file upload_4.cif (mmCIF, C-alpha atoms; chains and numbers go by the auth columns)
data_data
loop_
_atom_site.group_PDB
_atom_site.id
_atom_site.type_symbol
_atom_site.label_atom_id
_atom_site.label_comp_id
_atom_site.label_asym_id
_atom_site.label_seq_id
_atom_site.Cartn_x
_atom_site.Cartn_y
_atom_site.Cartn_z
_atom_site.B_iso_or_equiv
_atom_site.auth_seq_id
_atom_site.auth_asym_id
ATOM 1 C CA MET A 1 127.688 97.046 208.041 0.00 1 A
ATOM 2 C CA GLU A 2 128.787 93.402 208.322 0.00 2 A
ATOM 3 C CA ASN A 3 128.179 93.564 212.062 0.00 3 A
ATOM 4 C CA HIS A 4 124.654 94.902 211.469 0.00 4 A
ATOM 5 C CA VAL A 5 123.898 92.130 208.987 0.00 5 A
ATOM 6 C CA GLU A 6 125.004 89.416 211.391 0.00 6 A
ATOM 7 C CA LEU A 7 122.998 90.954 214.237 0.00 7 A
ATOM 8 C CA ALA A 8 119.927 91.044 211.985 0.00 8 A
ATOM 9 C CA ARG A 9 120.413 87.395 211.080 0.00 9 A
ATOM 10 C CA GLN A 10 120.651 86.494 214.764 0.00 10 A
ATOM 11 C CA LYS A 11 117.490 88.447 215.627 0.00 11 A
ATOM 12 C CA TYR A 12 115.383 86.974 212.871 0.00 12 A
ATOM 13 C CA ARG A 13 116.651 83.449 213.441 0.00 13 A
ATOM 14 C CA LEU A 14 114.795 83.736 216.750 0.00 14 A
ATOM 15 C CA HIS A 15 111.754 85.553 215.351 0.00 15 A
ATOM 16 C CA ALA A 16 111.158 83.399 212.271 0.00 16 A
ATOM 17 C CA PRO A 17 109.141 80.561 213.912 0.00 17 A
ATOM 18 C CA TRP A 18 106.440 82.889 215.271 0.00 18 A
ATOM 19 C CA TYR A 19 106.785 86.054 213.183 0.00 19 A
ATOM 20 C CA ASP A 20 103.556 85.602 211.208 0.00 20 A
ATOM 21 C CA SER A 21 101.428 84.883 214.252 0.00 21 A
ATOM 22 C CA VAL A 22 102.842 87.557 216.588 0.00 22 A
ATOM 23 C CA ALA A 23 104.843 90.301 214.882 0.00 23 A
ATOM 24 C CA ALA A 24 102.833 90.684 211.677 0.00 24 A
ATOM 25 C CA PRO A 25 99.474 91.304 213.425 0.00 25 A
ATOM 26 C CA LEU A 26 101.167 93.618 215.936 0.00 26 A
ATOM 27 C CA LEU A 27 102.648 95.806 213.187 0.00 27 A
ATOM 28 C CA GLY A 28 99.408 95.940 211.231 0.00 28 A
ATOM 29 C CA VAL A 29 98.644 94.577 207.788 0.00 29 A
ATOM 30 C CA SER A 30 96.503 97.626 206.956 0.00 30 A
ATOM 31 C CA TYR A 31 99.589 99.844 206.635 0.00 31 A
ATOM 32 C CA GLN A 32 101.291 97.337 204.374 0.00 32 A
ATOM 33 C CA ARG A 33 98.150 97.151 202.248 0.00 33 A
ATOM 34 C CA GLU A 34 98.144 100.942 201.985 0.00 34 A
ATOM 35 C CA ALA A 35 101.816 101.017 200.962 0.00 35 A
ATOM 36 C CA VAL A 36 101.249 98.389 198.258 0.00 36 A
ATOM 37 C CA SER A 37 98.239 100.313 196.947 0.00 37 A
ATOM 38 C CA LEU A 38 100.371 103.455 196.616 0.00 38 A
ATOM 39 C CA LEU A 39 102.700 101.607 194.234 0.00 39 A
ATOM 40 C CA HIS A 40 99.852 101.564 191.655 0.00 40 A
ATOM 41 C CA LEU A 41 100.966 98.188 190.377 0.00 41 A
ATOM 42 C CA ASN A 42 99.896 96.715 187.059 0.00 42 A
ATOM 43 C CA ALA A 43 99.867 93.206 185.647 0.00 43 A
ATOM 44 C CA GLY A 44 103.269 92.128 184.357 0.00 44 A
ATOM 45 C CA GLU A 45 105.362 94.459 186.516 0.00 45 A
ATOM 46 C CA VAL A 46 108.498 93.577 188.480 0.00 46 A
ATOM 47 C CA VAL A 47 108.411 94.439 192.192 0.00 47 A
ATOM 48 C CA VAL A 48 111.236 94.229 194.736 0.00 48 A
ATOM 49 C CA ASP A 49 109.963 93.563 198.258 0.00 49 A
ATOM 50 C CA VAL A 50 112.887 94.757 200.400 0.00 50 A
ATOM 51 C CA ALA A 51 113.390 92.931 203.723 0.00 51 A
ATOM 52 C CA CYS A 52 110.487 90.720 202.648 0.00 52 A
ATOM 53 C CA GLY A 53 110.776 88.398 205.648 0.00 53 A
ATOM 54 C CA THR A 54 108.228 85.580 205.521 0.00 54 A
ATOM 55 C CA GLY A 55 106.533 87.035 202.457 0.00 55 A
ATOM 56 C CA ILE A 56 103.489 88.484 204.200 0.00 56 A
ATOM 57 C CA ASN A 57 103.213 91.157 201.484 0.00 57 A
ATOM 58 C CA PHE A 58 103.374 88.690 198.597 0.00 58 A
ATOM 59 C CA PRO A 59 99.599 88.055 198.394 0.00 59 A
ATOM 60 C CA LEU A 60 98.937 91.812 198.225 0.00 60 A
ATOM 61 C CA ILE A 61 101.465 92.191 195.408 0.00 61 A
ATOM 62 C CA GLU A 62 100.410 89.053 193.537 0.00 62 A
ATOM 63 C CA GLN A 63 96.815 90.189 193.199 0.00 63 A
ATOM 64 C CA GLU A 64 98.038 93.320 191.397 0.00 64 A
ATOM 65 C CA ILE A 65 100.818 91.992 189.144 0.00 65 A
ATOM 66 C CA ALA A 66 99.142 88.655 188.277 0.00 66 A
ATOM 67 C CA HIS A 67 101.062 85.650 186.979 0.00 67 A
ATOM 68 C CA THR A 68 102.757 87.744 184.288 0.00 68 A
ATOM 69 C CA GLY A 69 104.545 89.915 186.852 0.00 69 A
ATOM 70 C CA ARG A 70 107.436 89.033 189.142 0.00 70 A
ATOM 71 C CA ILE A 71 108.270 89.518 192.798 0.00 71 A
ATOM 72 C CA ILE A 72 111.886 89.659 193.952 0.00 72 A
ATOM 73 C CA GLY A 73 112.040 89.256 197.724 0.00 73 A
ATOM 74 C CA VAL A 74 115.288 90.324 199.405 0.00 74 A
ATOM 75 C CA ASP A 75 116.138 89.432 202.998 0.00 75 A
ATOM 76 C CA VAL A 76 119.241 88.681 205.090 0.00 76 A
ATOM 77 C CA SER A 77 117.607 85.907 207.110 0.00 77 A
ATOM 78 C CA PRO A 78 117.590 82.401 205.629 0.00 78 A
ATOM 79 C CA GLU A 79 115.131 81.284 208.302 0.00 79 A
ATOM 80 C CA MET A 80 112.627 84.001 207.346 0.00 80 A
ATOM 81 C CA LEU A 81 113.069 83.157 203.668 0.00 81 A
ATOM 82 C CA GLN A 82 112.394 79.485 204.360 0.00 82 A
ATOM 83 C CA LYS A 83 109.002 80.581 205.714 0.00 83 A
ATOM 84 C CA ALA A 84 108.504 82.703 202.596 0.00 84 A
ATOM 85 C CA CYS A 85 109.437 79.720 200.429 0.00 85 A
ATOM 86 C CA SER A 86 106.797 77.592 202.152 0.00 86 A
ATOM 87 C CA ARG A 87 104.219 80.309 201.473 0.00 87 A
ATOM 88 C CA ILE A 88 105.220 80.401 197.805 0.00 88 A
ATOM 89 C CA VAL A 89 104.953 76.642 197.428 0.00 89 A
ATOM 90 C CA SER A 90 101.591 76.461 199.210 0.00 90 A
ATOM 91 C CA GLN A 91 100.151 79.167 196.942 0.00 91 A
ATOM 92 C CA GLY A 92 101.616 77.677 193.785 0.00 92 A
ATOM 93 C CA TRP A 93 103.258 80.940 192.735 0.00 93 A
ATOM 94 C CA LYS A 94 105.790 80.520 189.920 0.00 94 A
ATOM 95 C CA ASN A 95 106.851 84.147 189.657 0.00 95 A
ATOM 96 C CA VAL A 96 108.756 84.783 192.909 0.00 96 A
ATOM 97 C CA THR A 97 112.527 84.893 193.366 0.00 97 A
ATOM 98 C CA LEU A 98 114.002 85.042 196.866 0.00 98 A
ATOM 99 C CA VAL A 99 117.433 86.585 197.335 0.00 99 A
ATOM 100 C CA ASN A 100 119.209 85.736 200.589 0.00 100 A
ATOM 101 C CA ALA A 101 121.524 88.738 200.946 0.00 101 A
ATOM 102 C CA SER A 102 121.724 92.147 202.530 0.00 102 A
ATOM 103 C CA ALA A 103 120.181 94.972 200.537 0.00 103 A
ATOM 104 C CA GLU A 104 123.695 96.393 200.132 0.00 104 A
ATOM 105 C CA GLU A 105 124.881 93.240 198.349 0.00 105 A
ATOM 106 C CA ALA A 106 121.760 91.807 196.720 0.00 106 A
ATOM 107 C CA GLN A 107 122.110 91.078 193.023 0.00 107 A
ATOM 108 C CA ILE A 108 119.009 91.918 191.026 0.00 108 A
ATOM 109 C CA HIS A 109 119.141 90.806 187.423 0.00 109 A
ATOM 110 C CA GLN A 110 116.088 92.659 186.121 0.00 110 A
ATOM 111 C CA THR A 111 114.986 96.241 185.787 0.00 111 A
ATOM 112 C CA VAL A 112 112.375 97.035 188.390 0.00 112 A
ATOM 113 C CA ASP A 113 109.019 98.823 188.196 0.00 113 A
ATOM 114 C CA ALA A 114 108.416 99.252 191.935 0.00 114 A
ATOM 115 C CA PHE A 115 110.109 98.909 195.325 0.00 115 A
ATOM 116 C CA LEU A 116 108.359 98.149 198.625 0.00 116 A
ATOM 117 C CA PHE A 117 110.014 98.869 201.990 0.00 117 A
ATOM 118 C CA SER A 118 107.583 97.411 204.532 0.00 118 A
ATOM 119 C CA PHE A 119 108.856 97.847 208.093 0.00 119 A
ATOM 120 C CA ALA A 120 112.380 97.810 206.642 0.00 120 A
ATOM 121 C CA HIS A 121 113.916 100.431 208.940 0.00 121 A
ATOM 122 C CA ASP A 122 117.466 99.062 208.924 0.00 122 A
ATOM 123 C CA VAL A 123 117.612 99.120 205.118 0.00 123 A
ATOM 124 C CA LEU A 124 116.246 102.652 204.898 0.00 124 A
ATOM 125 C CA GLN A 125 119.073 103.865 207.152 0.00 125 A
ATOM 126 C CA SER A 126 121.691 102.599 204.665 0.00 126 A
ATOM 127 C CA PRO A 127 122.359 104.882 201.669 0.00 127 A
ATOM 128 C CA ARG A 128 124.561 102.153 200.230 0.00 128 A
ATOM 129 C CA ALA A 129 121.624 99.743 200.244 0.00 129 A
ATOM 130 C CA LEU A 130 119.385 102.296 198.559 0.00 130 A
ATOM 131 C CA ARG A 131 122.013 102.985 195.888 0.00 131 A
ATOM 132 C CA ASN A 132 122.349 99.281 195.154 0.00 132 A
ATOM 133 C CA LEU A 133 118.605 98.788 194.868 0.00 133 A
ATOM 134 C CA PHE A 134 117.659 101.886 192.898 0.00 134 A
ATOM 135 C CA ARG A 135 120.300 101.451 190.217 0.00 135 A
ATOM 136 C CA HIS A 136 118.001 98.686 188.921 0.00 136 A
ATOM 137 C CA ALA A 137 114.988 101.010 188.679 0.00 137 A
ATOM 138 C CA LYS A 138 113.223 101.624 185.397 0.00 138 A
ATOM 139 C CA PRO A 139 112.511 105.258 184.508 0.00 139 A
ATOM 140 C CA GLY A 140 109.501 106.273 186.572 0.00 140 A
ATOM 141 C CA ALA A 141 109.834 103.376 189.031 0.00 141 A
ATOM 142 C CA ARG A 142 107.629 103.817 192.085 0.00 142 A
ATOM 143 C CA VAL A 143 108.613 103.498 195.751 0.00 143 A
ATOM 144 C CA ALA A 144 106.480 102.993 198.847 0.00 144 A
ATOM 145 C CA ALA A 145 107.562 102.533 202.453 0.00 145 A
ATOM 146 C CA CYS A 146 105.836 102.087 205.786 0.00 146 A
ATOM 147 C CA GLY A 147 107.084 101.576 209.312 0.00 147 A
ATOM 148 C CA ILE A 148 107.236 102.833 212.865 0.00 148 A
ATOM 149 C CA LYS A 149 108.559 106.208 213.998 0.00 149 A
ATOM 150 C CA TRP A 150 108.856 108.285 217.125 0.00 150 A
ATOM 151 C CA ALA A 151 105.620 109.961 218.114 0.00 151 A
ATOM 152 C CA PRO A 152 105.723 113.614 219.259 0.00 152 A
ATOM 153 C CA LEU A 153 108.024 113.859 222.270 0.00 153 A
ATOM 154 C CA TRP A 154 105.203 114.611 224.698 0.00 154 A
ATOM 155 C CA SER A 155 103.665 111.188 224.034 0.00 155 A
ATOM 156 C CA PHE A 156 105.705 109.028 226.391 0.00 156 A
ATOM 157 C CA PRO A 157 103.352 105.995 226.434 0.00 157 A
ATOM 158 C CA LEU A 158 103.353 105.782 222.637 0.00 158 A
ATOM 159 C CA ASN A 159 107.103 106.208 222.415 0.00 159 A
ATOM 160 C CA PHE A 160 107.564 103.472 225.007 0.00 160 A
ATOM 161 C CA PHE A 161 105.631 101.171 222.653 0.00 161 A
ATOM 162 C CA VAL A 162 107.758 102.307 219.684 0.00 162 A
ATOM 163 C CA SER A 163 110.964 101.678 221.643 0.00 163 A
ATOM 164 C CA GLN A 164 109.817 98.152 222.487 0.00 164 A
ATOM 165 C CA ILE A 165 109.096 97.344 218.831 0.00 165 A
ATOM 166 C CA ALA A 166 112.383 98.896 217.680 0.00 166 A
ATOM 167 C CA GLY A 167 114.325 96.949 220.292 0.00 167 A
ATOM 168 C CA GLN A 168 112.788 93.701 219.113 0.00 168 A
ATOM 169 C CA TYR A 169 113.076 94.137 215.352 0.00 169 A
ATOM 170 C CA HIS A 170 115.662 96.813 214.529 0.00 170 A
ATOM 171 C CA VAL A 171 119.436 96.626 214.520 0.00 171 A
ATOM 172 C CA VAL A 172 119.879 100.313 213.659 0.00 172 A
ATOM 173 C CA HIS A 173 118.101 102.500 216.214 0.00 173 A
ATOM 174 C CA GLU A 174 118.960 105.876 214.724 0.00 174 A
ATOM 175 C CA GLY A 175 116.609 107.643 212.331 0.00 175 A
ATOM 176 C CA LEU A 176 113.281 106.928 214.023 0.00 176 A
ATOM 177 C CA LEU A 177 112.302 110.591 214.035 0.00 177 A
ATOM 178 C CA LYS A 178 112.209 110.648 210.197 0.00 178 A
ATOM 179 C CA PRO A 179 112.865 107.088 208.997 0.00 179 A
ATOM 180 C CA TRP A 180 112.252 108.088 205.369 0.00 180 A
ATOM 181 C CA GLU A 181 114.896 110.822 205.290 0.00 181 A
ATOM 182 C CA ASN A 182 117.484 108.898 203.225 0.00 182 A
ATOM 183 C CA LEU A 183 114.863 108.249 200.555 0.00 183 A
ATOM 184 C CA THR A 184 114.770 111.953 199.728 0.00 184 A
ATOM 185 C CA ALA A 185 118.168 111.671 197.996 0.00 185 A
ATOM 186 C CA PHE A 186 116.795 109.057 195.598 0.00 186 A
ATOM 187 C CA VAL A 187 113.044 109.635 195.349 0.00 187 A
ATOM 188 C CA SER A 188 111.427 112.687 193.806 0.00 188 A
ATOM 189 C CA ASN A 189 108.246 114.226 195.199 0.00 189 A
ATOM 190 C CA LEU A 190 108.343 112.031 198.282 0.00 190 A
ATOM 191 C CA GLU A 191 105.060 112.280 200.168 0.00 191 A
ATOM 192 C CA ILE A 192 104.583 111.323 203.810 0.00 192 A
ATOM 193 C CA LYS A 193 101.420 110.342 205.663 0.00 193 A
ATOM 194 C CA LEU A 194 101.446 109.882 209.450 0.00 194 A
ATOM 195 C CA GLU A 195 99.016 107.505 211.129 0.00 195 A
ATOM 196 C CA ALA A 196 98.298 105.848 214.480 0.00 196 A
ATOM 197 C CA PHE A 197 98.963 109.031 216.482 0.00 197 A
ATOM 198 C CA GLU A 198 102.108 109.628 214.399 0.00 198 A
ATOM 199 C CA THR A 199 103.752 106.324 215.363 0.00 199 A
ATOM 200 C CA ILE A 200 103.355 104.930 211.826 0.00 200 A
ATOM 201 C CA TYR A 201 104.373 106.539 208.544 0.00 201 A
ATOM 202 C CA VAL A 202 103.585 105.713 204.947 0.00 202 A
ATOM 203 C CA ALA A 203 105.838 107.302 202.299 0.00 203 A
ATOM 204 C CA TRP A 204 105.677 107.149 198.510 0.00 204 A
ATOM 205 C CA GLY A 205 107.176 108.710 195.400 0.00 205 A
ATOM 206 C CA THR A 206 109.122 108.043 192.204 0.00 206 A
ATOM 207 C CA VAL A 207 112.791 107.160 191.824 0.00 207 A
ATOM 208 C CA SER A 208 114.558 110.216 190.441 0.00 208 A
ATOM 209 C CA GLU A 209 116.926 110.131 187.486 0.00 209 A
ATOM 210 C CA GLY A 210 119.778 110.868 189.899 0.00 210 A
ATOM 211 C CA GLY A 211 118.647 108.036 192.169 0.00 211 A
ATOM 212 C CA ARG A 212 118.656 105.603 189.246 0.00 212 A
ATOM 213 C CA ALA A 213 122.094 106.708 188.062 0.00 213 A
ATOM 214 C CA ALA A 214 123.791 106.323 191.450 0.00 214 A
ATOM 215 C CA GLU A 215 126.852 104.127 191.220 0.00 215 A
ATOM 216 C CA THR A 216 127.533 101.372 193.738 0.00 216 A
ATOM 217 C CA GLU A 217 129.519 98.203 194.031 0.00 217 A
ATOM 218 C CA GLU A 218 128.369 95.028 192.292 0.00 218 A
ATOM 219 C CA GLY A 219 126.469 92.766 194.668 0.00 219 A
ATOM 220 C CA ALA A 220 128.150 89.636 195.962 0.00 220 A
ATOM 221 C CA GLY A 221 127.254 86.555 197.909 0.00 221 A
ATOM 222 C CA ALA A 222 123.551 86.513 197.099 0.00 222 A
ATOM 223 C CA LYS A 223 121.660 83.240 197.069 0.00 223 A
ATOM 224 C CA CYS A 224 118.491 82.869 195.014 0.00 224 A
ATOM 225 C CA PHE A 225 115.900 80.169 195.420 0.00 225 A
ATOM 226 C CA CYS A 226 112.155 79.482 195.020 0.00 226 A
ATOM 227 C CA ILE A 227 112.158 80.731 191.411 0.00 227 A
#

call {"tool": "encode", "arguments": {"input": "upload_4.cif", "output": "structure tokens"}}
result
Amino acid sequence: MENHVELARQKYRLHAPWYDSVAAPLLGVSYQREAVSLLHLNAGEVVVDVACGTGINFPLIEQEIAHTGRIIGVDVSPEMLQKACSRIVSQGWKNVTLVNASAEEAQIHQTVDAFLFSFAHDVLQSPRALRNLFRHAKPGARVAACGIKWAPLWSFPLNFFVSQIAGQYHVVHEGLLKPWENLTAFVSNLEIKLEAFETIYVAWGTVSEGGRAAETEEGAGAKCFCI
């Protein structure tokens, strides 16, 4: 796991300067908007944006939770979080906390109403990360995820595109056939929608009682800023 975290930091140290102008449009904001809408957020709720990167989902979340809610953005890359911090300052948001840590080690000091996994493939492949996050879930907490996946095997051109994206942005390359599979151990009634010729998925559901009760180690080494 430590090796994966360091590789992710190295990747996103390079991507951070141009992520918003190149990667974000390539991946498609419409899928992120759909995932946020499936969280059915309300004013005053606490949302964890997992692998939040530069904070491109923050405006979508802010318009639902208003100033009385709170966003907790978790990411391993300090360079990506510096971009997120600039976004927060420019928008004047006072309700965002950024946690510079892996999802396995992130310390979250509030109970959480909703979790967003937006193109967070590496995190979704780590049951330990999911255990750490979901132990902070309130009863009935909602989950939504979106990301890339393998298209049907006959679609070589599409899968070539998927492989290029995965090579650029993923550290863990396993699990692309069903990237949501680990969520099924924690999320009840998980629903899946496939889009873009089955190269994109959107998944949503509710954290189960068993998912909330899962034990994990206390987080360590997290750094919070932009509160």

call {"tool": "closest_atom_pairs", "arguments": {"input": "upload_4.cif", "of": "segment 99-127 of chain A", "to": "segment 67-70 of chain A", "cutoff": "12 Å", "atoms": "all atoms listed in the file", "output": "Markdown table"}}
result
| residue | atom | partner | partner_atom | distance |
| --- | --- | --- | --- | --- |
| A:His109 | CA | A:Arg70 | CA | 12.0 |
| A:Gln110 | CA | A:Arg70 | CA | 9.9 |
| A:Thr111 | CA | A:Arg70 | CA | 11.0 |
| A:Val112 | CA | A:Arg70 | CA | 9.4 |
| A:Asp113 | CA | A:Arg70 | CA | 10.0 |
| A:Ala114 | CA | A:Arg70 | CA | 10.6 |
| A:Phe115 | CA | A:Arg70 | CA | 12.0 |

call {"tool": "write_last_selection", "arguments": {"input": "upload_4.cif", "atoms": "C-alpha atoms", "output": "mmCIF file, in the frame of the given file"}}
result
data_model
loop_
_atom_site.group_PDB
_atom_site.id
_atom_site.type_symbol
_atom_site.label_atom_id
_atom_site.label_comp_id
_atom_site.auth_asym_id
_atom_site.auth_seq_id
_atom_site.Cartn_x
_atom_site.Cartn_y
_atom_site.Cartn_z
ATOM 1 C CA HIS A 109 119.141 90.806 187.423
ATOM 2 C CA GLN A 110 116.088 92.659 186.121
ATOM 3 C CA THR A 111 114.986 96.241 185.787
ATOM 4 C CA VAL A 112 112.375 97.035 188.390
ATOM 5 C CA ASP A 113 109.019 98.823 188.196
ATOM 6 C CA ALA A 114 108.416 99.252 191.935
ATOM 7 C CA PHE A 115 110.109 98.909 195.325
#

call {"tool": "residues_around", "arguments": {"input": "upload_4.cif", "residues": "segment 24-40 of chain A", "least_positions_apart": "4", "cutoff": "8 Å", "atoms": "only C-alpha atoms", "output": "PyMOL selection string"}}
result
chain A and resi 19-20+56-57+60-61+114-116+118+142-146+202-204

call {"tool": "atom_distance", "arguments": {"input": "upload_4.cif", "atom1": "atom CA of Val76 of chain A", "atom2": "atom CA of Ser102 of chain A"}}
result
5.0 Å

call {"tool": "closest_residue", "arguments": {"input": "upload_4.cif", "among": "A:Ile65, A:His136, A:Asn42, A:Tyr169", "to": "Arg13 of chain A", "atoms": "only C-alpha atoms"}}
result
A:Tyr169

call {"tool": "closest_residue", "arguments": {"input": "upload_4.cif", "among": "A:Asn100, A:Ser77, A:Thr199, A:Gln63", "to": "Phe156 of chain A", "atoms": "all atoms listed in the file"}}
result
A:Thr199

call {"tool": "residues_around", "arguments": {"input": "upload_4.cif", "residues": "segment 3-6 of chain A", "least_positions_apart": "3", "cutoff": "10 Å", "atoms": "all atoms listed in the file", "output": "MDAnalysis selection string"}}
result
chainID A and resid 9:11 76:77 101:104 122 170:172

call {"tool": "residues_around", "arguments": {"input": "upload_4.cif", "residues": "Ile165 of chain A", "least_positions_apart": "2", "cutoff": "12 Å", "atoms": "all atoms listed in the file", "output": "PyMOL selection string"}}
result
chain A and resi 22-24+26-27+119+121+147-150+158-163+167-171+173+176+199-200

call {"tool": "closest_residue", "arguments": {"input": "upload_4.cif", "among": "A:Val47, A:Val89, A:Met80, A:Ile192", "to": "Glu64 of chain A", "atoms": "only C-alpha atoms"}}
result
A:Val47

call {"tool": "atom_distance", "arguments": {"input": "upload_4.cif", "atom1": "atom CA of Leu194 of chain A", "atom2": "atom CA of Thr206 of chain A"}}
result
19.0 Å

call {"tool": "residues_around", "arguments": {"input": "upload_4.cif", "residues": "Val74 of chain A", "least_positions_apart": "3", "cutoff": "10 Å", "atoms": "all atoms listed in the file", "output": "list in words"}}
result
Val48, Asp49, Val50, Ala51, Cys52, Gly53, Gly55, Ile71, Ser77, Leu81, Thr97, Leu98, Val99, Asn100, Ala101, Ser102, Ala103, Ala106, Gln107, Ile108, Ala222, Lys223 and Cys224 of chain A

call {"tool": "closest_residue", "arguments": {"input": "upload_4.cif", "among": "A:Phe58, A:Phe186, A:Trp180, A:Tyr12", "to": "Val123 of chain A", "atoms": "all atoms listed in the file"}}
result
A:Trp180

call {"tool": "atom_distance", "arguments": {"input": "upload_4.cif", "atom1": "atom CA of Arg135 of chain A", "atom2": "atom CA of Val96 of chain A"}}
result
20.5 Å

call {"tool": "resolve_selection", "arguments": {"input": "upload_4.cif", "expression": "the PyMOL selection byres ((chain A and resi 134) around 10)", "output": "list in words"}}
result
Thr111, Val112, Ala114, Phe115, Ala129, Leu130, Arg131, Asn132, Leu133, Arg135, His136, Ala137, Lys138, Ala141, Val143, Phe186, Val187, Val207, Ser208, Glu209, Gly210, Gly211, Arg212, Ala213, Ala214, Glu215 and Thr216 of chain A

call {"tool": "axis_aligned_box", "arguments": {"input": "upload_4.cif", "around": "segment 203-206 of chain A", "padding_each_side": "4 Å", "output": "lines of an AutoDock Vina configuration file"}}
result
center_x = 107.4
center_y = 107.9
center_z = 197.3
size_x = 11.4
size_y = 9.6
size_z = 18.1

call {"tool": "closest_residue", "arguments": {"input": "upload_4.cif", "among": "A:Leu183, A:Val46, A:Ala166, A:Ala84", "to": "Ile72 of chain A", "atoms": "all atoms listed in the file"}}
result
A:Val46

call {"tool": "residues_near_point", "arguments": {"input": "upload_4.cif", "point": "(103.6, 81.8, 197.9)", "cutoff": "10 Å", "atoms": "only C-alpha atoms", "output": "list in words"}}
result
Thr54, Gly55, Ile56, Phe58, Pro59, Glu62, Lys83, Ala84, Cys85, Ser86, Arg87, Ile88, Val89, Ser90, Gln91, Gly92, Trp93, Lys94, Asn95, Val96 and Cys226 of chain A

call {"tool": "write_last_selection", "arguments": {"input": "upload_4.cif", "atoms": "C-alpha atoms", "output": "PDB file, in the coordinates of the input"}}
result
ATOM      1  CA  THR A  54     108.228  85.580 205.521  1.00  0.00           C
ATOM      2  CA  GLY A  55     106.533  87.035 202.457  1.00  0.00           C
ATOM      3  CA  ILE A  56     103.489  88.484 204.200  1.00  0.00           C
ATOM      4  CA  PHE A  58     103.374  88.690 198.597  1.00  0.00           C
ATOM      5  CA  PRO A  59      99.599  88.055 198.394  1.00  0.00           C
ATOM      6  CA  GLU A  62     100.410  89.053 193.537  1.00  0.00           C
ATOM      7  CA  LYS A  83     109.002  80.581 205.714  1.00  0.00           C
ATOM      8  CA  ALA A  84     108.504  82.703 202.596  1.00  0.00           C
ATOM      9  CA  CYS A  85     109.437  79.720 200.429  1.00  0.00           C
ATOM     10  CA  SER A  86     106.797  77.592 202.152  1.00  0.00           C
ATOM     11  CA  ARG A  87     104.219  80.309 201.473  1.00  0.00           C
ATOM     12  CA  ILE A  88     105.220  80.401 197.805  1.00  0.00           C
ATOM     13  CA  VAL A  89     104.953  76.642 197.428  1.00  0.00           C
ATOM     14  CA  SER A  90     101.591  76.461 199.210  1.00  0.00           C
ATOM     15  CA  GLN A  91     100.151  79.167 196.942  1.00  0.00           C
ATOM     16  CA  GLY A  92     101.616  77.677 193.785  1.00  0.00           C
ATOM     17  CA  TRP A  93     103.258  80.940 192.735  1.00  0.00           C
ATOM     18  CA  LYS A  94     105.790  80.520 189.920  1.00  0.00           C
ATOM     19  CA  ASN A  95     106.851  84.147 189.657  1.00  0.00           C
ATOM     20  CA  VAL A  96     108.756  84.783 192.909  1.00  0.00           C
ATOM     21  CA  CYS A 226     112.155  79.482 195.020  1.00  0.00           C
TER      22      CYS A 226
END

call {"tool": "closest_residue", "arguments": {"input": "upload_4.cif", "among": "A:Ala43, A:Leu14, A:Phe197, A:Pro78", "to": "Ser155 of chain A", "atoms": "all atoms listed in the file"}}
result
A:Phe197

call {"tool": "resolve_selection", "arguments": {"input": "upload_4.cif", "expression": "the PyMOL selection byres ((chain A and resi 189) around 6)", "output": "list in words"}}
result
Ser188, Leu190 and Gly205 of chain A

call {"tool": "build_atoms", "arguments": {"input": "upload_4.cif", "residues": "segment 6-16 of chain A", "atoms": "N, CA and C atoms", "output": "PDB file, in the frame of the given file"}}
result
ATOM      1  N   GLU A   6     124.962  90.605 210.541  1.00  0.00           N
ATOM      2  CA  GLU A   6     125.004  89.416 211.391  1.00  0.00           C
ATOM      3  C   GLU A   6     124.053  89.550 212.574  1.00  0.00           C
ATOM      4  N   LEU A   7     123.949  90.744 213.147  1.00  0.00           N
ATOM      5  CA  LEU A   7     122.998  90.954 214.237  1.00  0.00           C
ATOM      6  C   LEU A   7     121.569  90.750 213.752  1.00  0.00           C
ATOM      7  N   ALA A   8     121.270  91.236 212.546  1.00  0.00           N
ATOM      8  CA  ALA A   8     119.927  91.044 211.985  1.00  0.00           C
ATOM      9  C   ALA A   8     119.635  89.562 211.777  1.00  0.00           C
ATOM     10  N   ARG A   9     120.612  88.839 211.269  1.00  0.00           N
ATOM     11  CA  ARG A   9     120.413  87.395 211.080  1.00  0.00           C
ATOM     12  C   ARG A   9     120.126  86.708 212.416  1.00  0.00           C
ATOM     13  N   GLN A  10     120.856  87.101 213.454  1.00  0.00           N
ATOM     14  CA  GLN A  10     120.651  86.494 214.764  1.00  0.00           C
ATOM     15  C   GLN A  10     119.253  86.806 215.299  1.00  0.00           C
ATOM     16  N   LYS A  11     118.819  88.060 215.155  1.00  0.00           N
ATOM     17  CA  LYS A  11     117.490  88.447 215.627  1.00  0.00           C
ATOM     18  C   LYS A  11     116.409  87.634 214.936  1.00  0.00           C
ATOM     19  N   TYR A  12     116.479  87.585 213.614  1.00  0.00           N
ATOM     20  CA  TYR A  12     115.383  86.974 212.871  1.00  0.00           C
ATOM     21  C   TYR A  12     115.463  85.455 212.841  1.00  0.00           C
ATOM     22  N   ARG A  13     116.593  84.893 213.211  1.00  0.00           N
ATOM     23  CA  ARG A  13     116.651  83.449 213.441  1.00  0.00           C
ATOM     24  C   ARG A  13     115.730  83.090 214.611  1.00  0.00           C
ATOM     25  N   LEU A  14     115.671  83.957 215.601  1.00  0.00           N
ATOM     26  CA  LEU A  14     114.795  83.736 216.750  1.00  0.00           C
ATOM     27  C   LEU A  14     113.342  84.065 216.434  1.00  0.00           C
ATOM     28  N   HIS A  15     113.123  85.108 215.628  1.00  0.00           N
ATOM     29  CA  HIS A  15     111.754  85.553 215.351  1.00  0.00           C
ATOM     30  C   HIS A  15     111.034  84.696 214.316  1.00  0.00           C
ATOM     31  N   ALA A  16     111.766  84.065 213.430  1.00  0.00           N
ATOM     32  CA  ALA A  16     111.158  83.399 212.271  1.00  0.00           C
ATOM     33  C   ALA A  16     110.035  82.421 212.633  1.00  0.00           C
TER      34      ALA A  16
END
